[in-house]
Amino acid sequence: MKPLNIILAVVGGAIAGAAVGLLFAPEKGEQTRGKIVDILREKGITLKKDKMEQLADEIAEELKD
């Protein structure tokens with residue numbers, strides 16, 4: 001396995017784990033999505049505001065199911 005794939009897998013796992021932790025926290029959905037956006041930015045994922053919010057919404061929806 002290539003080192004880049006391993007790094008991407010670790011970063012992806014960290015983001016998913018953080019998202020799951022936030023979604024199970026007893027907060028409103030809007031606050032939770034805001035925290036997801038903050039974490040994504042901290043990880044260096046930069047998108048336009050509407051795309052970042054869309055990604056956070058998609059993560060939130062996937063974790064509800």
# chains A, B, ... in the order shown; residues from 1 in each chain; ligands from 1
>>> residues_around(residues="A:Glu42", least_positions_apart="5", cutoff="12 Å", atoms="only C-alpha atoms", output="list in words")
Val11, Ala14, Ile15, Ala18, Lys35, Ile36 and Val37 of chain A
>>> atom_distance(atom1="atom CA of A:Gly29", atom2="atom CA of A:Ile7")
29.6 Å
>>> atom_distance(atom1="atom CA of A:Leu55", atom2="atom CA of A:Leu40")
9.5 Å
>>> select_by_dssp(residues="stretch 1-63 of chain A", states="helix (DSSP H, G or I)", output="MDAnalysis selection string")
chainID A and resid 3:23 29:42 49:63
>>> closest_residue(among="A:Gln31, A:Leu23, A:Leu47, A:Asp38", to="A:Glu62", atoms="only C-alpha atoms")
A:Leu23
>>> closest_residue(among="A:Lys2, A:Ala19, A:Gly12, A:Lys43", to="A:Glu58", atoms="only C-alpha atoms")
A:Ala19
>>> atom_distance(atom1="atom CA of A:Val10", atom2="atom CA of A:Leu63")
18.7 Å
>>> residues_around(residues="A:Arg33", least_positions_apart="6", cutoff="10 Å", atoms="only C-alpha atoms", output="PDB file with N, CA and C atoms, in the first residue's frame")
ATOM      1  N   ALA A  19     -16.665  13.273  13.454  1.00  0.00           N
ATOM      2  CA  ALA A  19     -18.047  13.562  13.057  1.00  0.00           C
ATOM      3  C   ALA A  19     -19.026  12.719  13.853  1.00  0.00           C
ATOM      4  N   LEU A  22     -19.292  14.056  17.385  1.00  0.00           N
ATOM      5  CA  LEU A  22     -20.075  15.285  17.449  1.00  0.00           C
ATOM      6  C   LEU A  22     -21.559  15.027  17.267  1.00  0.00           C
ATOM      7  N   LEU A  23     -21.884  14.107  16.389  1.00  0.00           N
ATOM      8  CA  LEU A  23     -23.293  13.858  16.112  1.00  0.00           C
ATOM      9  C   LEU A  23     -24.015  13.177  17.271  1.00  0.00           C
ATOM     10  N   GLU A  27     -26.468  18.235  21.180  1.00  0.00           N
ATOM     11  CA  GLU A  27     -26.579  19.616  20.714  1.00  0.00           C
ATOM     12  C   GLU A  27     -27.522  19.671  19.521  1.00  0.00           C
ATOM     13  N   ILE A  39     -13.980  21.357  12.189  1.00  0.00           N
ATOM     14  CA  ILE A  39     -13.023  20.255  12.189  1.00  0.00           C
ATOM     15  C   ILE A  39     -12.456  20.038  10.792  1.00  0.00           C
ATOM     16  N   MET A  52     -18.757  23.420   1.767  1.00  0.00           N
ATOM     17  CA  MET A  52     -18.372  22.922   3.085  1.00  0.00           C
ATOM     18  C   MET A  52     -19.622  22.579   3.891  1.00  0.00           C
ATOM     19  N   GLU A  53     -20.631  23.440   3.831  1.00  0.00           N
ATOM     20  CA  GLU A  53     -21.869  23.176   4.553  1.00  0.00           C
ATOM     21  C   GLU A  53     -22.592  21.962   3.970  1.00  0.00           C
ATOM     22  N   GLN A  54     -22.542  21.813   2.653  1.00  0.00           N
ATOM     23  CA  GLN A  54     -23.162  20.660   2.003  1.00  0.00           C
ATOM     24  C   GLN A  54     -22.472  19.370   2.452  1.00  0.00           C
ATOM     25  N   LEU A  55     -21.136  19.393   2.519  1.00  0.00           N
ATOM     26  CA  LEU A  55     -20.390  18.222   2.981  1.00  0.00           C
ATOM     27  C   LEU A  55     -20.747  17.890   4.419  1.00  0.00           C
ATOM     28  N   ALA A  56     -20.840  18.897   5.284  1.00  0.00           N
ATOM     29  CA  ALA A  56     -21.214  18.671   6.679  1.00  0.00           C
ATOM     30  C   ALA A  56     -22.621  18.088   6.776  1.00  0.00           C
ATOM     31  N   ASP A  57     -23.536  18.582   5.962  1.00  0.00           N
ATOM     32  CA  ASP A  57     -24.902  18.038   5.953  1.00  0.00           C
ATOM     33  C   ASP A  57     -24.915  16.583   5.501  1.00  0.00           C
ATOM     34  N   GLU A  58     -24.118  16.264   4.471  1.00  0.00           N
ATOM     35  CA  GLU A  58     -24.049  14.897   3.987  1.00  0.00           C
ATOM     36  C   GLU A  58     -23.484  13.959   5.048  1.00  0.00           C
ATOM     37  N   ILE A  59     -22.460  14.406   5.752  1.00  0.00           N
ATOM     38  CA  ILE A  59     -21.880  13.601   6.830  1.00  0.00           C
ATOM     39  C   ILE A  59     -22.930  13.372   7.910  1.00  0.00           C
ATOM     40  N   ALA A  60     -23.648  14.424   8.281  1.00  0.00           N
ATOM     41  CA  ALA A  60     -24.674  14.312   9.311  1.00  0.00           C
ATOM     42  C   ALA A  60     -25.770  13.347   8.886  1.00  0.00           C
TER      43      ALA A  60
END
